[in-house]
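J.: Got a structure for you, work-v5.txt, holding compact mmCIF, C-alpha atoms and all ligand atoms.
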# COMPACT_ATOMS: atom_id res chain seq x y z
CA MET A 1192 -6.21 -26.42 169.81
CA GLY A 1193 -5.34 -25.14 166.32
CA ASP A 1194 -7.46 -22.62 164.43
CA LYS A 1195 -10.98 -23.57 165.56
CA ASN A 1196 -12.87 -21.65 162.85
CA LEU A 1197 -10.71 -22.93 160.04
CA ASN A 1198 -11.05 -26.54 161.21
CA GLU A 1199 -14.82 -26.22 161.52
CA GLY A 1200 -15.07 -24.68 158.07
CA LEU A 1201 -13.40 -27.82 156.75
CA GLY A 1202 -15.72 -30.09 158.73
CA LEU A 1203 -12.72 -31.01 160.86
CA ASP A 1204 -13.58 -29.92 164.36
CA ARG A 1205 -12.13 -31.76 167.32
CA ALA A 1206 -14.98 -34.31 167.41
CA ALA A 1207 -14.46 -35.16 163.72
CA ILE A 1208 -10.75 -35.80 164.25
CA ASN A 1209 -11.54 -37.74 167.40
CA ALA A 1210 -13.97 -39.95 165.50
CA MET A 1211 -11.31 -41.04 162.99
CA ARG A 1212 -10.61 -44.63 163.86
CA ARG A 1213 -10.50 -47.93 162.08
CA SER A 1214 -11.05 -51.45 163.28
CA TYR A 1215 -8.25 -53.70 162.17
CA GLY A 1216 -8.70 -57.05 160.54
CA GLU A 1217 -8.19 -60.62 161.51
CA ALA A 1218 -5.02 -61.34 159.57
CA GLY A 1219 -2.43 -61.88 162.26
CA LEU A 1220 1.29 -62.36 162.45
CA SER A 1221 2.38 -65.27 164.59
CA GLU A 1222 5.68 -66.73 165.66
CA SER A 1223 4.94 -69.73 163.45
CA ASP A 1224 4.31 -67.57 160.32
CA ILE A 1225 7.19 -65.15 160.62
CA ALA A 1226 10.48 -65.89 158.82
CA SER A 1227 13.40 -67.07 160.92
CA GLU A 1228 15.28 -63.81 160.38
CA PRO A 1229 13.93 -60.31 159.80
CA ILE A 1230 15.43 -59.33 156.43
CA THR A 1231 13.59 -62.16 154.69
CA GLN A 1232 10.40 -61.24 156.57
CA PHE A 1233 10.91 -57.61 155.54
CA GLN A 1234 11.35 -58.61 151.89
CA ILE A 1235 8.11 -60.63 152.03
CA TRP A 1236 6.19 -57.63 153.41
CA LEU A 1237 7.88 -55.16 151.02
CA LYS A 1238 6.82 -57.34 148.07
CA ALA A 1239 3.25 -57.53 149.39
CA ALA A 1240 3.18 -53.74 149.86
CA THR A 1241 4.53 -53.25 146.31
CA GLU A 1242 1.74 -55.45 144.94
CA ASN A 1243 -0.97 -53.59 146.92
CA SER A 1244 -2.63 -51.11 144.57
CA VAL A 1245 -3.63 -48.76 147.41
CA ILE A 1246 -0.06 -48.26 148.65
CA VAL A 1247 1.91 -45.65 146.71
CA GLU A 1248 5.71 -45.67 147.02
CA ALA A 1249 5.92 -48.87 149.07
CA ASN A 1250 9.64 -48.21 149.46
CA ALA A 1251 9.08 -44.83 151.14
CA MET A 1252 10.26 -44.87 154.74
CA VAL A 1253 10.33 -42.27 157.49
CA LEU A 1254 13.93 -41.70 158.55
CA SER A 1255 14.37 -40.25 162.04
CA THR A 1256 17.70 -38.93 163.24
CA VAL A 1257 18.84 -37.40 166.51
CA SER A 1258 21.35 -34.60 166.33
CA VAL A 1259 22.71 -34.45 169.89
CA ALA A 1260 19.26 -34.21 171.46
CA VAL A 1261 16.83 -32.95 168.81
CA PRO A 1262 14.90 -35.60 166.83
CA THR A 1263 13.84 -34.90 163.24
CA SER A 1264 11.97 -37.07 160.74
CA ARG A 1265 11.53 -37.04 157.00
CA THR A 1266 10.66 -39.52 154.22
CA VAL A 1267 13.35 -41.09 152.03
CA LEU A 1268 13.22 -43.94 149.53
CA LEU A 1269 14.65 -47.35 150.23
CA LYS A 1270 16.90 -48.27 147.31
CA ASP A 1271 18.34 -51.58 148.47
CA VAL A 1272 17.83 -54.12 151.22
CA THR A 1273 20.25 -56.99 151.86
CA GLN A 1274 21.40 -58.98 154.88
CA GLU A 1275 23.77 -56.04 155.54
CA GLY A 1276 20.95 -53.54 155.85
CA PHE A 1277 18.86 -50.80 154.26
CA THR A 1278 20.25 -48.25 151.77
CA PHE A 1279 18.97 -44.78 150.86
CA PHE A 1280 20.52 -41.85 149.00
CA THR A 1281 20.70 -38.21 149.90
CA ASN A 1282 22.78 -35.04 150.07
CA TYR A 1283 25.72 -35.45 152.48
CA ASN A 1284 25.44 -31.76 153.50
CA SER A 1285 21.74 -32.01 154.38
CA ARG A 1286 20.30 -31.65 157.86
CA LYS A 1287 19.78 -35.43 158.12
CA SER A 1288 23.37 -36.17 157.07
CA ASN A 1289 24.72 -33.68 159.60
CA ALA A 1290 22.63 -35.36 162.27
CA ILE A 1291 23.97 -38.79 161.25
CA GLU A 1292 27.55 -37.43 161.48
CA GLU A 1293 26.82 -36.36 165.05
CA ASN A 1294 24.89 -39.49 165.97
CA PRO A 1295 24.65 -42.49 163.62
CA ASN A 1296 21.71 -44.07 165.47
CA VAL A 1297 18.61 -43.79 163.29
CA SER A 1298 15.11 -45.18 162.95
CA LEU A 1299 13.39 -46.18 159.70
CA LEU A 1300 9.61 -46.51 159.68
CA PHE A 1301 7.63 -48.05 156.82
CA PRO A 1302 4.00 -46.83 157.14
CA TRP A 1303 2.01 -49.45 155.25
CA PHE A 1304 -1.33 -48.36 156.73
CA ALA A 1305 -3.40 -49.77 153.86
CA MET A 1306 -2.23 -53.24 154.92
CA GLU A 1307 -2.56 -52.46 158.63
CA ARG A 1308 1.19 -52.90 158.87
CA GLN A 1309 4.19 -50.97 160.12
CA VAL A 1310 7.86 -51.94 160.22
CA ILE A 1311 10.31 -50.06 162.44
CA VAL A 1312 14.04 -50.55 162.00
CA LEU A 1313 16.58 -49.24 164.50
CA GLY A 1314 20.18 -49.21 163.45
CA LYS A 1315 23.38 -47.37 162.77
CA ALA A 1316 23.85 -45.44 159.53
CA GLU A 1317 27.16 -45.31 157.68
CA ARG A 1318 28.17 -43.90 154.30
CA ILE A 1319 28.45 -46.44 151.51
CA SER A 1320 31.50 -46.34 149.22
CA GLU A 1321 31.90 -43.55 146.64
CA ILE A 1322 32.01 -46.23 143.95
CA ASP A 1323 28.69 -47.75 145.02
CA SER A 1324 27.10 -44.28 145.19
CA ALA A 1325 28.44 -43.40 141.73
CA THR A 1326 27.14 -46.69 140.32
CA TYR A 1327 23.64 -45.96 141.61
CA PHE A 1328 23.84 -42.27 140.57
CA ALA A 1329 24.53 -43.36 137.00
CA THR A 1330 21.20 -45.24 136.91
CA ARG A 1331 19.13 -42.17 137.88
CA PRO A 1332 17.20 -40.21 135.25
CA TRP A 1333 19.17 -37.27 133.82
CA SER A 1334 16.80 -34.67 135.32
CA SER A 1335 17.28 -36.15 138.81
CA GLN A 1336 21.05 -36.18 138.31
CA ILE A 1337 20.95 -32.47 137.44
CA GLY A 1338 18.64 -31.91 140.42
CA ALA A 1339 21.26 -33.39 142.74
CA TRP A 1340 23.81 -30.84 141.44
CA ALA A 1341 21.31 -27.95 141.61
CA SER A 1342 20.12 -28.42 145.20
CA SER A 1343 22.01 -27.42 148.34
CA GLN A 1344 19.57 -29.55 150.26
CA SER A 1345 18.35 -28.11 153.60
CA GLN A 1346 20.06 -24.71 153.04
CA LYS A 1347 18.02 -21.49 152.94
CA LEU A 1348 16.74 -20.72 149.42
CA GLU A 1349 15.82 -17.11 148.57
CA SER A 1350 13.35 -17.98 145.81
CA ARG A 1351 12.21 -20.87 143.62
CA ALA A 1352 13.64 -18.93 140.66
CA GLU A 1353 17.14 -19.33 142.15
CA LEU A 1354 16.71 -23.13 142.28
CA GLU A 1355 15.50 -23.21 138.68
CA LYS A 1356 18.43 -21.02 137.63
CA ASN A 1357 20.83 -23.49 139.28
CA TRP A 1358 19.17 -26.40 137.53
CA GLU A 1359 19.47 -24.55 134.20
CA LYS A 1360 23.18 -23.89 134.84
CA TYR A 1361 23.97 -27.56 135.47
CA SER A 1362 21.76 -28.74 132.62
CA LEU A 1363 23.96 -26.65 130.29
CA LEU A 1364 27.16 -27.92 131.90
CA TYR A 1365 26.03 -31.56 131.63
CA PRO A 1366 23.60 -31.69 128.67
CA GLU A 1367 21.11 -34.53 128.34
CA GLY A 1368 22.80 -37.64 127.02
CA SER A 1369 26.20 -36.74 128.49
CA ASN A 1370 27.79 -38.55 131.39
CA VAL A 1371 26.77 -36.64 134.52
CA PRO A 1372 29.33 -37.17 137.30
CA LYS A 1373 28.08 -37.82 140.82
CA PRO A 1374 28.28 -34.65 142.90
CA PRO A 1375 30.82 -35.11 145.73
CA HIS A 1376 28.16 -34.08 148.24
CA TRP A 1377 25.71 -36.82 147.21
CA GLY A 1378 25.62 -40.50 148.10
CA GLY A 1379 24.16 -43.36 150.02
CA PHE A 1380 23.85 -44.44 153.60
CA LEU A 1381 23.59 -48.04 154.73
CA VAL A 1382 21.57 -48.57 157.91
CA ARG A 1383 22.83 -51.70 159.66
CA PRO A 1384 19.86 -52.91 161.71
CA VAL A 1385 20.05 -53.81 165.39
CA SER A 1386 16.31 -54.37 165.72
CA ILE A 1387 13.39 -54.76 163.31
CA GLU A 1388 9.81 -54.75 164.53
CA PHE A 1389 6.84 -56.05 162.51
CA TRP A 1390 3.44 -54.68 163.54
CA GLN A 1391 0.19 -56.14 162.26
CA GLY A 1392 -3.11 -54.49 163.25
CA ARG A 1393 -5.65 -56.82 164.92
CA TYR A 1394 -9.18 -56.59 166.32
CA SER A 1395 -9.87 -54.73 169.60
CA ARG A 1396 -6.44 -53.08 169.41
CA LEU A 1397 -4.88 -56.47 170.27
CA HIS A 1398 -2.25 -55.99 167.61
CA ASP A 1399 0.64 -58.34 166.89
CA ARG A 1400 4.12 -56.94 167.52
CA LEU A 1401 7.05 -59.20 166.79
CA ARG A 1402 10.50 -57.74 167.20
CA PHE A 1403 13.82 -59.22 166.14
CA THR A 1404 16.85 -57.96 168.07
CA ARG A 1405 20.39 -58.75 167.04
CA ASP A 1406 22.52 -60.24 169.80
CA ALA A 1407 25.62 -58.04 170.00
CA GLY A 1408 27.87 -61.04 170.66
CA THR A 1409 26.63 -63.89 168.46
CA GLN A 1410 25.01 -61.57 165.85
CA ASN A 1411 22.04 -63.95 165.88
CA TRP A 1412 18.52 -62.56 165.66
CA GLU A 1413 16.29 -63.11 168.68
CA LEU A 1414 12.53 -62.88 168.39
CA GLN A 1415 10.24 -61.38 171.05
CA ARG A 1416 6.53 -60.63 171.16
CA LEU A 1417 5.62 -57.25 172.67
CA TYR A 1418 2.43 -55.97 174.24
CA PRO A 1419 0.58 -53.85 171.66
C1 LIG A 1501 7.91 -39.83 149.08
C2 LIG A 1501 9.16 -39.04 149.38
C3 LIG A 1501 10.39 -39.58 149.06
C4 LIG A 1501 11.57 -38.88 149.33
N1 LIG A 1501 12.77 -39.47 149.06
C5 LIG A 1501 13.92 -38.83 149.39
C6 LIG A 1501 15.18 -39.49 149.22
O1 LIG A 1501 15.27 -40.65 148.80
N2 LIG A 1501 16.30 -38.80 149.55
C7 LIG A 1501 16.26 -37.52 150.06
O2 LIG A 1501 17.32 -36.94 150.33
N3 LIG A 1501 15.08 -36.88 150.24
C8 LIG A 1501 13.91 -37.51 149.93
N4 LIG A 1501 12.70 -36.89 150.14
C9 LIG A 1501 12.71 -35.50 150.72
C10 LIG A 1501 12.94 -35.61 152.24
O3 LIG A 1501 11.75 -36.02 152.89
C11 LIG A 1501 13.45 -34.28 152.86
O4 LIG A 1501 12.56 -33.23 152.56
C12 LIG A 1501 14.85 -33.88 152.37
O5 LIG A 1501 15.69 -35.01 152.26
C13 LIG A 1501 15.50 -32.87 153.32
O6 LIG A 1501 15.55 -33.41 154.62
P1 LIG A 1501 16.54 -32.83 155.76
O7 LIG A 1501 16.55 -31.34 155.60
O8 LIG A 1501 15.97 -33.28 157.07
O9 LIG A 1501 17.91 -33.42 155.51
C14 LIG A 1501 11.51 -37.57 149.91
C15 LIG A 1501 10.26 -37.03 150.24
C16 LIG A 1501 9.11 -37.76 149.99
C17 LIG A 1501 7.78 -37.15 150.39
Can I see the file as structure tokens?
T.:
Amino acid sequence: MGDKNLNEGLGLDRAAINAMRRSYGEAGLSESDIASEPITQFQIWLKAATENSVIVEANAMVLSTVSVAVPTSRTVLLKDVTQEGFTFFTNYNSRKSNAIEENPNVSLLFPWFAMERQVIVLGKAERISEIDSATYFATRPWSSQIGAWASSQSQKLESRAELEKNWEKYSLLYPEGSNVPKPPHWGGFLVRPVSIEFWQGRYSRLHDRLRFTRDAGTQNWELQRLYP
């Protein structure tokens, strides 16, 4: 298992990793507390996570995609949540975007460990309109706008110097203060949820798991409790 000597040098032998465990608190999540539909419940938890000083980047979520059969995960930032779904922005030529083209079914996981909480969204991702992407792009800081032009996200890069050279090139083309157009290869995805699960850690590993699933016919949300 791993590099034994290196792990021991760091005080991280197998027993030390094995011993990492926390007892979870009493604060539960019950059918009577949870909102009647999951987007409102999500917004309540997102706000609480934002106000928790221990949680950094409360809007960071782990996006998992499946390209044909291979799953991959990475973190992206949630930039909007409405009754329609969850929006994030990225490079449309990236590995994740290629996976979404092949298979739009994705998972979003919000790891709010400091609050003993996790939210998992399953849904279908679709591109948002060019206009909506351009509107959001215009609100980004100039250096991030130039970064979007400079990066062929997920492609092989020979050296960091090459990336910095690209950034320099676009910073001259679109100097600070000028209107930087949205690159054609950059934009948002909306994930329309089909299920949203709220997990709250409890004592003795008797955690609360409440999952909303959208009925394909009526579009109503149905709530179920799951074994932890
Ligand atoms: C906290 C955090 C936030 C991130 N936010 C984004 C994001 O909003 N959009 C994005 O494309 N990549 C974001 N990244 C980088 C991705 O995790 C990933 O490295 C990149 O998108 C390439 O992924 P891919 O090659 O699987 O497409 C973020 C990384 C971290 C650690």
J.: Compare A:Leu1237, A:Asn1357, A:Ser1345, A:Arg1393 by their minimum atom-to-atom distance to Pro1302 in chain A, counting all atoms listed in the file, and give me the closest one.
T.: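 Once distances to Pro1302 in chain A are computed over all atoms listed in the file, the minimum belongs to A:Leu1237.
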J.: Can you pull out every residue within 7 Å of range 1317-1330 of chain A, counting all atoms listed in the file, but drop anything in the same chain fewer than 5 positions away, and send it as a PyMOL selection string?
T.: chain A and resi 1373+1378-1382
J.: Write as a list in words the residues around ligand LIG 1501 (chain A), taking 7 Å as the cut-off and counting only C-alpha atoms and all ligand atoms.
T.: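 My answer, listing the contacting residues, is Glu1248, Ala1251, Thr1263, Ser1264, Arg1265, Thr1266, Val1267, Leu1268, Leu1269, Phe1279, Phe1280, Thr1281, Asn1282, Ser1285, Arg1286, Lys1287, Ser1288, Gln1344 and Ser1345 of chain A.
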J.: Which polymer residues have any atom within 12 Å of an atom of Ser1223 in chain A, counting all atoms listed in the file, with same-chain residues fewer than 3 positions away left out, as a list in words?
T.: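 Returned residues: Gly1219, Leu1220, Ala1226, Ser1227, Leu1401 and Leu1414 of chain A.
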J.: Please, could you write that set of residues out with C-alpha atoms as a compact mmCIF listing (two decimals), in the frame of the given file?
T.:
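out03.txt written:
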# COMPACT_ATOMS: atom_id res chain seq x y z
CA GLY A 1219 -2.43 -61.88 162.26
CA LEU A 1220 1.29 -62.36 162.45
CA ALA A 1226 10.48 -65.89 158.82
CA SER A 1227 13.40 -67.07 160.92
CA LEU A 1401 7.05 -59.20 166.79
CA LEU A 1414 12.53 -62.88 168.39
J.: In terms of the shortest atom-to-atom distance over only C-alpha atoms, which of A:Ala1339, A:Leu1417, A:Leu1348, A:Ala1206 is closest to Pro1375 in chain A?
T.: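 Comparing A:Ala1339, A:Leu1417, A:Leu1348, A:Ala1206 against Pro1375 in chain A, the winner is A:Ala1339.
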J.: Could you give me, as a PDB file with C-alpha atoms, keeping the file's coordinate frame, the residues that sit within 7 Å of (12.8, -45.5, 163.0) in the file's coordinates, counting only C-alpha atoms?
T.:
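Writing done, so here's result.pdb:
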ATOM      1  CA  VAL A1253      10.330 -42.270 157.490  1.00  0.00           C
ATOM      2  CA  LEU A1254      13.930 -41.700 158.550  1.00  0.00           C
ATOM      3  CA  SER A1255      14.370 -40.250 162.040  1.00  0.00           C
ATOM      4  CA  VAL A1297      18.610 -43.790 163.290  1.00  0.00           C
ATOM      5  CA  SER A1298      15.110 -45.180 162.950  1.00  0.00           C
ATOM      6  CA  LEU A1299      13.390 -46.180 159.700  1.00  0.00           C
ATOM      7  CA  LEU A1300       9.610 -46.510 159.680  1.00  0.00           C
ATOM      8  CA  ILE A1311      10.310 -50.060 162.440  1.00  0.00           C
ATOM      9  CA  VAL A1312      14.040 -50.550 162.000  1.00  0.00           C
ATOM     10  CA  LEU A1313      16.580 -49.240 164.500  1.00  0.00           C
TER      11      LEU A1313
END
J.: Which residues, written as a PyMOL selection string, have at least one atom at most 10 Å from Pro1295 in chain A, with all atoms listed in the file counted and residues fewer than 3 positions away on the same chain left out?
T.: chain A and resi 1256-1258+1288-1292+1298+1314-1317+1382
J.: Find the distance between CA of Val1247 in chain A and CA of Gln1336 in chain A and write it in Å to one decimal.
T.: 22.9 Å
J.: For Ala1239 in chain A, list every protein, DNA or RNA residue within 12 Å, evaluated using all atoms listed in the file, and leave out those in the same chain fewer than 3 positions away; present the list as a list in words.
T.: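 My reading of the contact set: Gln1232, Phe1233, Gln1234, Ile1235, Trp1236, Glu1242, Asn1243, Ser1244, Val1245, Ile1246, Ala1249, Asn1250, Trp1303, Ala1305, Met1306 and Arg1308 of chain A.
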J.: Quick one: everything within 8 Å of Ala1341 in chain A, counting only C-alpha atoms, minus sequence neighbours fewer than 5 positions away in the same chain. Send it as a PyMOL selection string.
T.: chain A and resi 1354+1357-1358+1361
J.: Go ahead and save the residues from that selection, with C-alpha atoms, as a tab-separated table (two decimals), keeping the file's coordinate frame.
T.:
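Below is the file part39.tsv, written as the result:
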chain	number	residue	atom	x	y	z
A	1354	LEU	CA	16.71	-23.13	142.28
A	1357	ASN	CA	20.83	-23.49	139.28
A	1358	TRP	CA	19.17	-26.40	137.53
A	1361	TYR	CA	23.97	-27.56	135.47
J.: As an exercise, work out the distance from CA of Glu1359 in chain A to CA of Ile1337 in chain A in Å and give it to one decimal place.
T.: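 It comes out at 8.7 Å.
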J.: One decimal, Å: what's the distance from CA of Val1272 in chain A over to CA of Tyr1215 in chain A, could you say?
T.: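 So the answer is 28.3 Å.
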J.: Have a look at A:Leu1203, A:Met1252, A:Ser1214, A:Glu1367 and name the one nearest to Gln1309 in chain A; count only C-alpha atoms.
T.: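 Of all the options, A:Met1252 lies closest to Gln1309 in chain A.
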J.: Any chance you could work out the axis-aligned box around range 1395-1401 of chain A, listed atoms only, 6 Å on each side, giving centre and edge lengths in Å to one decimal, as lines of an AutoDock Vina configuration file?
T.:
center_x = -1.4
center_y = -56.1
center_z = 168.5
size_x = 28.9
size_y = 18.1
size_z = 15.5
J.: Dump as a VMD selection string all residues having an atom at most 6 Å from (18.1, -58.9, 157.4), computed in the file's coordinates with all atoms listed in the file.
T.: chain A and resid 1229 to 1230 1274
J.: Write out the residues from the selection above, keeping C-alpha atoms, as a PDB file, keeping the file's coordinate frame.
T.:
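The new file result.pdb reads:
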ATOM      1  CA  PRO A1229      13.930 -60.310 159.800  1.00  0.00           C
ATOM      2  CA  ILE A1230      15.430 -59.330 156.430  1.00  0.00           C
ATOM      3  CA  GLN A1274      21.400 -58.980 154.880  1.00  0.00           C
TER       4      GLN A1274
END
J.: For Ser1386 in chain A, which of A:Pro1332, A:Gly1338, A:Gly1276, A:Pro1374 is the closest residue, counting all atoms listed in the file?
T.: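 Checking each candidate against Ser1386 in chain A, we get A:Gly1276 as the closest.
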J.: Could you check which of A:Val1371, A:Thr1278, A:Ala1352, A:Arg1396 is closest to Pro1384 in chain A, using only C-alpha atoms?
T.: A:Thr1278
J.: Using all atoms listed in the file, find the one residue out of A:Asn1294, A:Ala1240, A:Asn1284, A:Ser1395 that sits nearest to His1376 in chain A.
T.: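 Looking at the shortest contact to His1376 in chain A, the residue is A:Asn1284.
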